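**Student:** mmCIF, C-alpha atoms, file work.cif:
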```cif
data_start
loop_
_atom_site.group_PDB
_atom_site.id
_atom_site.type_symbol
_atom_site.label_atom_id
_atom_site.label_comp_id
_atom_site.auth_asym_id
_atom_site.auth_seq_id
_atom_site.Cartn_x
_atom_site.Cartn_y
_atom_site.Cartn_z
ATOM 1 C CA MET D 1 20.102 11.392 19.345
ATOM 2 C CA MET D 2 16.428 11.888 18.580
ATOM 3 C CA GLN D 3 15.143 15.445 18.942
ATOM 4 C CA GLU D 4 11.485 14.450 18.685
ATOM 5 C CA TYR D 5 9.451 11.555 17.345
ATOM 6 C CA VAL D 6 8.230 12.134 13.788
ATOM 7 C CA ARG D 7 6.386 9.294 12.032
ATOM 8 C CA ILE D 8 6.048 10.776 8.523
ATOM 9 C CA GLY D 9 8.876 11.886 6.256
ATOM 10 C CA VAL D 10 8.879 13.587 2.862
ATOM 11 C CA LEU D 11 11.772 13.676 0.412
ATOM 12 C CA GLY D 12 11.373 16.589 -1.979
ATOM 13 C CA GLY D 13 12.660 15.918 -5.463
ATOM 14 C CA SER D 14 13.697 18.270 -8.251
ATOM 15 C CA GLY D 15 11.682 21.485 -8.096
ATOM 16 C CA VAL D 16 10.273 20.850 -4.608
ATOM 17 C CA TYR D 17 12.694 22.281 -2.061
ATOM 18 C CA GLN D 18 10.273 23.333 0.671
ATOM 19 C CA MET D 19 6.796 22.647 2.081
ATOM 20 C CA GLU D 20 5.066 25.947 2.805
ATOM 21 C CA ALA D 21 2.113 24.171 4.425
ATOM 22 C CA LEU D 22 4.210 23.180 7.447
ATOM 23 C CA SER D 23 3.621 25.225 10.599
ATOM 24 C CA ALA D 24 5.511 25.410 13.903
ATOM 25 C CA VAL D 25 8.635 24.714 11.887
ATOM 26 C CA GLU D 26 12.004 23.706 13.312
ATOM 27 C CA GLU D 27 15.145 22.917 11.337
ATOM 28 C CA ILE D 28 17.095 19.937 12.628
ATOM 29 C CA VAL D 29 20.675 19.297 11.546
ATOM 30 C CA LEU D 30 21.808 15.713 12.050
ATOM 31 C CA ASP D 31 25.043 13.814 11.731
ATOM 32 C CA THR D 32 24.962 10.110 10.935
ATOM 33 C CA PRO D 33 27.421 7.204 10.829
ATOM 34 C CA PHE D 34 27.299 7.652 7.046
ATOM 35 C CA GLY D 35 28.190 11.326 7.023
ATOM 36 C CA ALA D 36 26.121 14.457 6.514
ATOM 37 C CA PRO D 37 22.671 14.346 4.907
ATOM 38 C CA SER D 38 21.888 16.545 1.890
ATOM 39 C CA ASP D 39 20.338 19.264 4.045
ATOM 40 C CA ALA D 40 18.642 19.955 7.350
ATOM 41 C CA TYR D 41 15.352 18.249 8.167
ATOM 42 C CA VAL D 42 12.532 20.762 8.316
ATOM 43 C CA VAL D 43 10.121 19.441 10.920
ATOM 44 C CA GLY D 44 6.688 21.009 11.223
ATOM 45 C CA THR D 45 3.019 20.349 11.805
ATOM 46 C CA LEU D 46 0.722 19.396 8.954
ATOM 47 C CA GLY D 47 -2.865 18.390 9.593
ATOM 48 C CA GLY D 48 -2.119 17.971 13.280
ATOM 49 C CA GLN D 49 0.782 15.598 12.645
ATOM 50 C CA ARG D 50 4.506 16.210 12.843
ATOM 51 C CA VAL D 51 6.207 15.769 9.471
ATOM 52 C CA ALA D 52 9.898 15.872 8.525
ATOM 53 C CA PHE D 53 10.756 17.326 5.111
ATOM 54 C CA GLN D 54 14.110 17.211 3.386
ATOM 55 C CA ALA D 55 15.234 18.441 -0.044
ATOM 56 C CA ARG D 56 16.906 15.364 -1.519
ATOM 57 C CA HIS D 57 19.373 17.389 -3.585
ATOM 58 C CA GLY D 58 19.751 20.115 -0.945
ATOM 59 C CA ARG D 59 18.104 23.500 -1.149
ATOM 60 C CA GLY D 60 19.295 25.155 -4.334
ATOM 61 C CA HIS D 61 19.790 21.703 -5.900
ATOM 62 C CA ARG D 62 23.442 21.335 -4.918
ATOM 63 C CA PHE D 63 23.894 17.556 -5.249
ATOM 64 C CA SER D 64 23.762 15.601 -8.483
ATOM 65 C CA PRO D 65 21.821 12.292 -8.306
ATOM 66 C CA HIS D 66 24.986 10.185 -8.220
ATOM 67 C CA ARG D 67 26.415 12.317 -5.384
ATOM 68 C CA VAL D 68 23.412 12.405 -3.039
ATOM 69 C CA ASN D 69 24.304 10.760 0.283
ATOM 70 C CA TYR D 70 21.270 8.495 0.276
ATOM 71 C CA ARG D 71 22.381 6.488 3.298
ATOM 72 C CA ALA D 72 22.799 9.602 5.428
ATOM 73 C CA ASN D 73 19.433 10.979 4.259
ATOM 74 C CA LEU D 74 17.532 7.790 5.096
ATOM 75 C CA TYR D 75 19.386 7.200 8.351
ATOM 76 C CA GLY D 76 18.556 10.756 9.416
ATOM 77 C CA PHE D 77 14.865 10.088 8.869
ATOM 78 C CA LYS D 78 15.259 6.935 10.956
ATOM 79 C CA MET D 79 16.893 8.974 13.729
ATOM 80 C CA LEU D 80 13.781 11.158 13.800
ATOM 81 C CA GLY D 81 11.556 8.092 14.133
ATOM 82 C CA VAL D 82 10.078 8.123 10.627
ATOM 83 C CA GLU D 83 8.048 5.040 9.716
ATOM 84 C CA TYR D 84 6.359 6.295 6.532
ATOM 85 C CA LEU D 85 8.523 7.993 3.897
ATOM 86 C CA ILE D 86 7.086 9.606 0.756
ATOM 87 C CA GLY D 87 9.511 10.356 -2.040
ATOM 88 C CA GLY D 88 8.844 12.865 -4.773
ATOM 89 C CA SER D 89 10.583 12.110 -8.055
ATOM 90 C CA ALA D 90 10.798 13.864 -11.404
ATOM 91 C CA CYS D 91 10.907 11.219 -14.112
ATOM 92 C CA GLY D 92 10.638 10.538 -17.805
ATOM 93 C CA SER D 93 7.874 8.481 -19.361
ATOM 94 C CA LEU D 94 8.585 5.438 -21.493
ATOM 95 C CA ARG D 95 4.911 4.980 -22.393
ATOM 96 C CA GLU D 96 2.672 7.088 -24.600
ATOM 97 C CA ASP D 97 -0.217 7.115 -22.110
ATOM 98 C CA LEU D 98 1.939 8.364 -19.227
ATOM 99 C CA ALA D 99 2.035 11.936 -20.446
ATOM 100 C CA PRO D 100 4.014 14.894 -19.088
ATOM 101 C CA GLY D 101 2.102 16.385 -16.179
ATOM 102 C CA HIS D 102 0.751 13.016 -15.074
ATOM 103 C CA ILE D 103 1.707 11.404 -11.761
ATOM 104 C CA VAL D 104 2.501 7.721 -11.387
ATOM 105 C CA ILE D 105 2.741 5.605 -8.236
ATOM 106 C CA PRO D 106 5.186 2.873 -9.349
ATOM 107 C CA ASN D 107 5.116 -0.610 -7.865
ATOM 108 C CA GLN D 108 8.319 -2.084 -9.303
ATOM 109 C CA LEU D 109 11.926 -0.989 -9.579
ATOM 110 C CA PHE D 110 14.822 -1.853 -11.889
ATOM 111 C CA ASP D 111 18.339 -0.798 -10.881
ATOM 112 C CA ARG D 112 20.722 0.408 -13.597
ATOM 113 C CA THR D 113 22.935 2.500 -11.319
ATOM 114 C CA GLN D 114 26.663 1.954 -10.971
ATOM 115 C CA GLY D 115 28.717 2.119 -7.802
ATOM 116 C CA ARG D 116 26.121 3.575 -5.447
ATOM 117 C CA LYS D 117 26.075 2.474 -1.827
ATOM 118 C CA LEU D 118 23.026 0.205 -1.752
ATOM 119 C CA SER D 119 23.219 -0.981 1.849
ATOM 120 C CA PHE D 120 23.880 0.224 5.377
ATOM 121 C CA PHE D 121 25.653 -3.031 6.159
ATOM 122 C CA ASP D 122 29.048 -4.724 5.691
ATOM 123 C CA ASP D 123 30.900 -1.555 4.701
ATOM 124 C CA PRO D 124 34.463 -1.186 6.025
ATOM 125 C CA GLU D 125 34.524 2.509 5.068
ATOM 126 C CA VAL D 126 32.033 3.322 7.829
ATOM 127 C CA GLY D 127 32.917 0.517 10.233
ATOM 128 C CA THR D 128 29.950 -1.779 9.630
ATOM 129 C CA GLU D 129 31.934 -4.671 8.131
ATOM 130 C CA GLY D 130 31.133 -8.142 9.345
ATOM 131 C CA LEU D 131 27.354 -7.714 9.449
ATOM 132 C CA VAL D 132 25.831 -9.211 6.300
ATOM 133 C CA VAL D 133 22.163 -8.606 5.544
ATOM 134 C CA HIS D 134 20.114 -9.880 2.589
ATOM 135 C CA VAL D 135 16.889 -7.896 2.771
ATOM 136 C CA GLY D 136 13.898 -8.892 0.648
ATOM 137 C CA VAL D 137 12.803 -6.330 -1.951
ATOM 138 C CA ALA D 138 10.655 -8.419 -4.314
ATOM 139 C CA ASP D 139 8.080 -5.662 -3.863
ATOM 140 C CA PRO D 140 10.335 -2.631 -3.318
ATOM 141 C CA PHE D 141 7.573 -0.136 -2.524
ATOM 142 C CA CYS D 142 5.211 -0.443 0.439
ATOM 143 C CA SER D 143 1.804 -1.340 -0.991
ATOM 144 C CA LEU D 144 -0.080 0.332 1.872
ATOM 145 C CA LEU D 145 1.731 3.640 1.444
ATOM 146 C CA SER D 146 1.512 3.408 -2.356
ATOM 147 C CA ASP D 147 -2.261 3.000 -2.143
ATOM 148 C CA ILE D 148 -2.441 6.034 0.146
ATOM 149 C CA CYS D 149 -0.298 8.098 -2.251
ATOM 150 C CA PHE D 150 -2.508 7.094 -5.177
ATOM 151 C CA GLU D 151 -5.657 8.139 -3.346
ATOM 152 C CA ALA D 152 -3.967 11.352 -2.170
ATOM 153 C CA VAL D 153 -3.068 12.430 -5.719
ATOM 154 C CA LYS D 154 -6.457 11.308 -7.020
ATOM 155 C CA GLN D 155 -8.086 13.723 -4.575
ATOM 156 C CA THR D 156 -6.270 16.624 -6.276
ATOM 157 C CA GLY D 157 -8.025 15.888 -9.559
ATOM 158 C CA ALA D 158 -4.719 15.396 -11.383
ATOM 159 C CA ALA D 159 -4.163 12.536 -13.817
ATOM 160 C CA VAL D 160 -2.689 9.715 -11.746
ATOM 161 C CA HIS D 161 -1.765 6.110 -12.540
ATOM 162 C CA TRP D 162 -1.204 3.227 -10.126
ATOM 163 C CA GLY D 163 1.634 0.820 -10.873
ATOM 164 C CA GLY D 164 4.568 0.805 -13.233
ATOM 165 C CA ASN D 165 8.141 -0.387 -13.656
ATOM 166 C CA PHE D 166 10.584 2.360 -12.683
ATOM 167 C CA VAL D 167 14.160 2.079 -13.981
ATOM 168 C CA THR D 168 16.787 4.104 -12.118
ATOM 169 C CA ILE D 169 19.811 5.167 -14.160
ATOM 170 C CA GLU D 170 23.071 6.530 -12.807
ATOM 171 C CA GLY D 171 22.955 9.994 -14.341
ATOM 172 C CA PRO D 172 23.657 12.805 -14.258
ATOM 173 C CA ARG D 173 23.334 12.699 -18.032
ATOM 174 C CA PHE D 174 20.064 11.869 -19.759
ATOM 175 C CA SER D 175 19.678 8.700 -21.845
ATOM 176 C CA THR D 176 20.708 8.098 -25.420
ATOM 177 C CA LYS D 177 17.919 7.125 -27.819
ATOM 178 C CA ALA D 178 19.316 3.578 -27.988
ATOM 179 C CA GLU D 179 19.162 3.270 -24.193
ATOM 180 C CA SER D 180 15.672 4.738 -24.025
ATOM 181 C CA ARG D 181 14.368 2.359 -26.692
ATOM 182 C CA THR D 182 16.028 -0.581 -24.947
ATOM 183 C CA PHE D 183 14.361 0.270 -21.634
ATOM 184 C CA ARG D 184 11.014 0.402 -23.449
ATOM 185 C CA SER D 185 11.652 -3.001 -24.990
ATOM 186 C CA TRP D 186 12.366 -4.356 -21.515
ATOM 187 C CA GLY D 187 8.940 -3.271 -20.310
ATOM 188 C CA MET D 188 10.058 -0.262 -18.298
ATOM 189 C CA ASP D 189 7.454 2.479 -17.836
ATOM 190 C CA LEU D 190 9.334 5.283 -16.075
ATOM 191 C CA ILE D 191 12.933 6.431 -15.917
ATOM 192 C CA GLY D 192 14.629 8.495 -13.216
ATOM 193 C CA MET D 193 17.840 8.882 -11.240
ATOM 194 C CA THR D 194 17.053 8.692 -7.505
ATOM 195 C CA THR D 195 14.611 5.919 -6.555
ATOM 196 C CA THR D 196 17.522 3.499 -6.187
ATOM 197 C CA PRO D 197 18.923 3.194 -3.566
ATOM 198 C CA GLU D 198 16.180 4.943 -1.555
ATOM 199 C CA ALA D 199 13.784 1.999 -1.831
ATOM 200 C CA GLN D 200 16.395 -0.562 -0.791
ATOM 201 C CA LEU D 201 17.677 1.546 2.099
ATOM 202 C CA ALA D 202 14.161 2.265 3.340
ATOM 203 C CA ARG D 203 13.504 -1.479 3.502
ATOM 204 C CA GLU D 204 16.721 -2.039 5.459
ATOM 205 C CA ALA D 205 15.569 0.721 7.808
ATOM 206 C CA GLU D 206 12.190 -1.051 8.119
ATOM 207 C CA MET D 207 10.382 2.034 6.829
ATOM 208 C CA SER D 208 7.445 2.148 4.432
ATOM 209 C CA TYR D 209 8.497 3.903 1.231
ATOM 210 C CA ALA D 210 6.473 4.976 -1.781
ATOM 211 C CA VAL D 211 7.067 7.384 -4.648
ATOM 212 C CA MET D 212 4.938 10.037 -6.282
ATOM 213 C CA ALA D 213 6.624 10.076 -9.691
ATOM 214 C CA HIS D 214 5.963 13.283 -11.615
ATOM 215 C CA VAL D 215 6.251 12.787 -15.354
ATOM 216 C CA THR D 216 8.099 15.720 -16.896
ATOM 217 C CA ASP D 217 8.922 14.426 -20.391
ATOM 218 C CA TYR D 218 9.016 11.464 -22.790
ATOM 219 C CA ASP D 219 12.737 10.894 -22.246
ATOM 220 C CA VAL D 220 14.282 10.732 -25.752
ATOM 221 C CA TRP D 221 12.436 7.854 -27.442
ATOM 222 C CA HIS D 222 9.359 9.769 -28.642
ATOM 223 C CA GLU D 223 9.694 10.710 -32.312
ATOM 224 C CA SER D 224 7.183 13.586 -32.298
ATOM 225 C CA GLU D 225 8.398 15.145 -29.031
ATOM 226 C CA THR D 226 11.633 17.026 -28.457
ATOM 227 C CA PRO D 227 14.203 15.173 -26.310
ATOM 228 C CA VAL D 228 14.281 15.872 -22.592
ATOM 229 C CA THR D 229 16.132 18.981 -21.429
ATOM 230 C CA VAL D 230 16.591 20.632 -18.031
ATOM 231 C CA GLU D 231 14.459 23.539 -19.248
ATOM 232 C CA LYS D 232 11.617 21.197 -20.178
ATOM 233 C CA VAL D 233 11.838 19.312 -16.865
ATOM 234 C CA ILE D 234 11.734 22.488 -14.768
ATOM 235 C CA GLN D 235 8.919 23.968 -16.832
ATOM 236 C CA THR D 236 6.708 20.931 -16.209
ATOM 237 C CA LEU D 237 7.713 20.692 -12.546
ATOM 238 C CA LEU D 238 6.823 24.323 -11.882
ATOM 239 C CA ALA D 239 3.453 23.853 -13.554
ATOM 240 C CA ASN D 240 2.811 20.796 -11.392
ATOM 241 C CA ALA D 241 4.387 21.981 -8.118
ATOM 242 C CA GLU D 242 1.120 22.772 -6.358
ATOM 243 C CA VAL D 243 -0.359 19.393 -7.291
ATOM 244 C CA ALA D 244 2.765 17.720 -5.939
ATOM 245 C CA LYS D 245 2.534 19.560 -2.630
ATOM 246 C CA GLN D 246 -1.222 19.057 -2.284
ATOM 247 C CA GLY D 247 -0.756 15.356 -2.930
ATOM 248 C CA VAL D 248 1.677 15.182 -0.017
ATOM 249 C CA ILE D 249 -0.721 17.123 2.224
ATOM 250 C CA ASN D 250 -3.527 14.705 1.368
ATOM 251 C CA ALA D 251 -1.289 11.700 1.999
ATOM 252 C CA VAL D 252 -0.304 13.003 5.438
ATOM 253 C CA GLN D 253 -3.976 13.438 6.305
ATOM 254 C CA LEU D 254 -4.758 9.906 5.095
ATOM 255 C CA LEU D 255 -1.966 8.560 7.309
ATOM 256 C CA GLU D 256 -3.576 9.926 10.456
ATOM 257 C CA GLY D 257 -4.143 7.046 12.820
ATOM 258 C CA ALA D 258 -2.130 4.602 10.694
ATOM 259 C CA GLY D 259 -0.617 1.726 12.619
ATOM 260 C CA PRO D 260 3.060 0.789 12.656
ATOM 261 C CA SER D 261 4.783 0.512 9.293
ATOM 262 C CA PRO D 262 4.069 -2.841 7.598
ATOM 263 C CA GLN D 263 7.820 -3.040 6.972
ATOM 264 C CA GLN D 264 8.616 -3.442 10.649
ATOM 265 C CA GLY D 265 10.452 -6.738 11.002
ATOM 266 C CA ALA D 266 11.953 -6.617 7.488
ATOM 267 C CA LEU D 267 15.354 -7.545 8.936
ATOM 268 C CA ARG D 268 14.087 -10.330 11.188
ATOM 269 C CA ASP D 269 15.082 -13.081 8.742
ATOM 270 C CA ALA D 270 17.540 -11.016 6.701
ATOM 271 C CA ILE D 271 20.592 -11.054 9.003
ATOM 272 C CA ILE D 272 22.707 -13.991 7.851
ATOM 273 C CA THR D 273 25.799 -13.390 9.993
ATOM 274 C CA ASN D 274 25.910 -15.443 13.166
ATOM 275 C CA ARG D 275 24.858 -13.052 15.936
ATOM 276 C CA SER D 276 27.819 -14.028 18.102
ATOM 277 C CA ALA D 277 30.247 -13.142 15.292
ATOM 278 C CA VAL D 278 29.102 -9.523 14.967
ATOM 279 C CA ARG D 279 31.400 -7.071 16.691
ATOM 280 C CA ARG D 280 29.802 -5.050 19.500
ATOM 281 C CA GLU D 281 30.956 -1.739 18.001
ATOM 282 C CA VAL D 282 29.081 -2.547 14.761
ATOM 283 C CA ILE D 283 25.891 -3.238 16.694
ATOM 284 C CA GLU D 284 26.336 -0.007 18.626
ATOM 285 C CA ARG D 285 26.992 1.978 15.451
ATOM 286 C CA LEU D 286 23.833 0.630 13.825
ATOM 287 C CA THR D 287 21.732 0.223 16.946
ATOM 288 C CA LEU D 288 18.826 2.147 15.400
ATOM 289 C CA LEU D 289 18.589 -0.486 12.673
ATOM 290 C CA VAL D 290 19.541 -3.747 14.382
ATOM 291 C CA GLY D 291 19.838 -3.138 18.121
ATOM 292 C CA HIS D 292 16.476 -4.796 18.849
ATOM 293 C CA TYR D 293 17.663 -7.992 17.096
ATOM 294 C CA PHE D 294 20.715 -8.380 19.325
ATOM 295 C CA GLY D 295 19.196 -7.897 22.765
#
```
Will you turn the file into structure tokens for me?

**Tutor:**
Amino acid sequence: MMQEYVRIGVLGGSGVYQMEALSAVEEIVLDTPFGAPSDAYVVGTLGGQRVAFQARHGRGHRFSPHRVNYRANLYGFKMLGVEYLIGGSACGSLREDLAPGHIVIPNQLFDRTQGRKLSFFDDPEVGTEGLVVHVGVADPFCSLLSDICFEAVKQTGAAVHWGGNFVTIEGPRFSTKAESRTFRSWGMDLIGMTTTPEAQLAREAEMSYAVMAHVTDYDVWHESETPVTVEKVIQTLLANAEVAKQGVINAVQLLEGAGPSPQQGALRDAIITNRSAVRREVIERLTLLVGHYFG
């Protein structure tokens, strides 16, 4: 099942489809109980550590945000042994001071998606029914990894902000002005399309997860700025691509010697189903996630 043990994973967002800094590269194609991931995992050495990179939308940007198989992507990282997962995310700013070109390390998440698969558990479509889990996500991002990501981006000299409320919308369309203004009135700081369900799934997989959110635009609320367009997003992403990649390189270096993920044990008190009532085939199917809780 596991080709090699890789502790650090990187999910490349829009505009970041490869990591040229990786050496001794190997592409690993995985199948999961949840289907095929977006793309192969590119495993290589960075700063003396093995790192697994995956393009969230597939190379060539083939999957829309609402069609990304998030469960397969995260489960694949788990199969490789990943404990620390860094997500790159292009996002819009809902605050004047979070300007295009800036990077934000959010610390809170608000879910406005519709119909996405938010859990690995209790899903009859993949044969995991009968195992109910209520994982805690009061703080959806790992604070240790978020601090590391903040310091990593800071080292690049780019404008970086720690903390912020990130609202995830369904997409693939951009917001209306009414929606954008409403999110601002709710106290949201950033808006994007992919951070949910990655954060929730990472917690169920007992992985540390943090996001380097790259501000590309002011969404559509800003009266003196033109509304967000794909052209504008890509233009800003290309200008900031090297900062994004250097931030990841710095974060990997800062993770050298890090202990086990602080999220280990996240499921210890989250499994509500009586252990004796869980079917053996469900435990076997999800053994990577729950096997150690069933003996």

**Student:** Residues near Gly187 of chain D, anyone? I mean within 10 Å using all atoms listed in the file, not counting same-chain ones fewer than 6 positions away, as a list in words.

**Tutor:**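 Returned residues: Leu94, Arg95, Gly164, Asn165, Phe166 and Val167 of chain D.
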
**Student:** Identify the residues within 12 Å of coordinate (15.9, 17.7, -2.1) (same frame as the file), considering only C-alpha atoms, and give the answer as a PyMOL selection string.

**Tutor:** chain D and resi 10-19+37-42+53-65+68-70+73+87-90+194

**Student:** Provide an axis-aligned box for all listed atoms of segment 274-284 of chain D, padding each side by 4 Å; report its centre and its edge lengths in Å to one decimal, as JSON.

**Tutor:**
```
{"center_x": 28.1, "center_y": -7.7, "center_z": 16.3, "size_x": 14.5, "size_y": 23.4, "size_z": 14.3}
```

**Student:** Name every residue that the PyMOL selection byres ((chain D and resi 221) around 10) selects in this structure, writing the answer as a list in words with chains first and numbers rising.

**Tutor:**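 On the file shown, the PyMOL selection byres ((chain D and resi 221) around 10) covers Ser93, Leu94, Arg95, Ser175, Thr176, Lys177, Ala178, Glu179, Ser180, Arg181, Thr182, Phe183, Arg184, Tyr218, Asp219, Val220, His222, Glu223, Ser224, Glu225, Thr226, Pro227 and Val228 of chain D.
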
**Student:** In Å, with one decimal, what is the gap from atom CA of Val82 of chain D to atom CA of Gln263 of chain D?

**Tutor:**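 Computing the Euclidean distance for atom CA of Val82 of chain D and atom CA of Gln263 of chain D yields 12.0 Å.
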
**Student:** Written as number ranges by chain, which residues does the PyMOL selection byres ((chain D and resi 275-282) around 12) give for the file shown?

**Tutor:** D: 33, 120-124, 126-133, 270-274, 283-291, 293-295

**Student:** In Å, rounded to a single decimal, give me how far atom CA of Val104 of chain D is from atom CA of Val153 of chain D.

**Tutor:**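 Distance between the two atoms: 9.2 Å.
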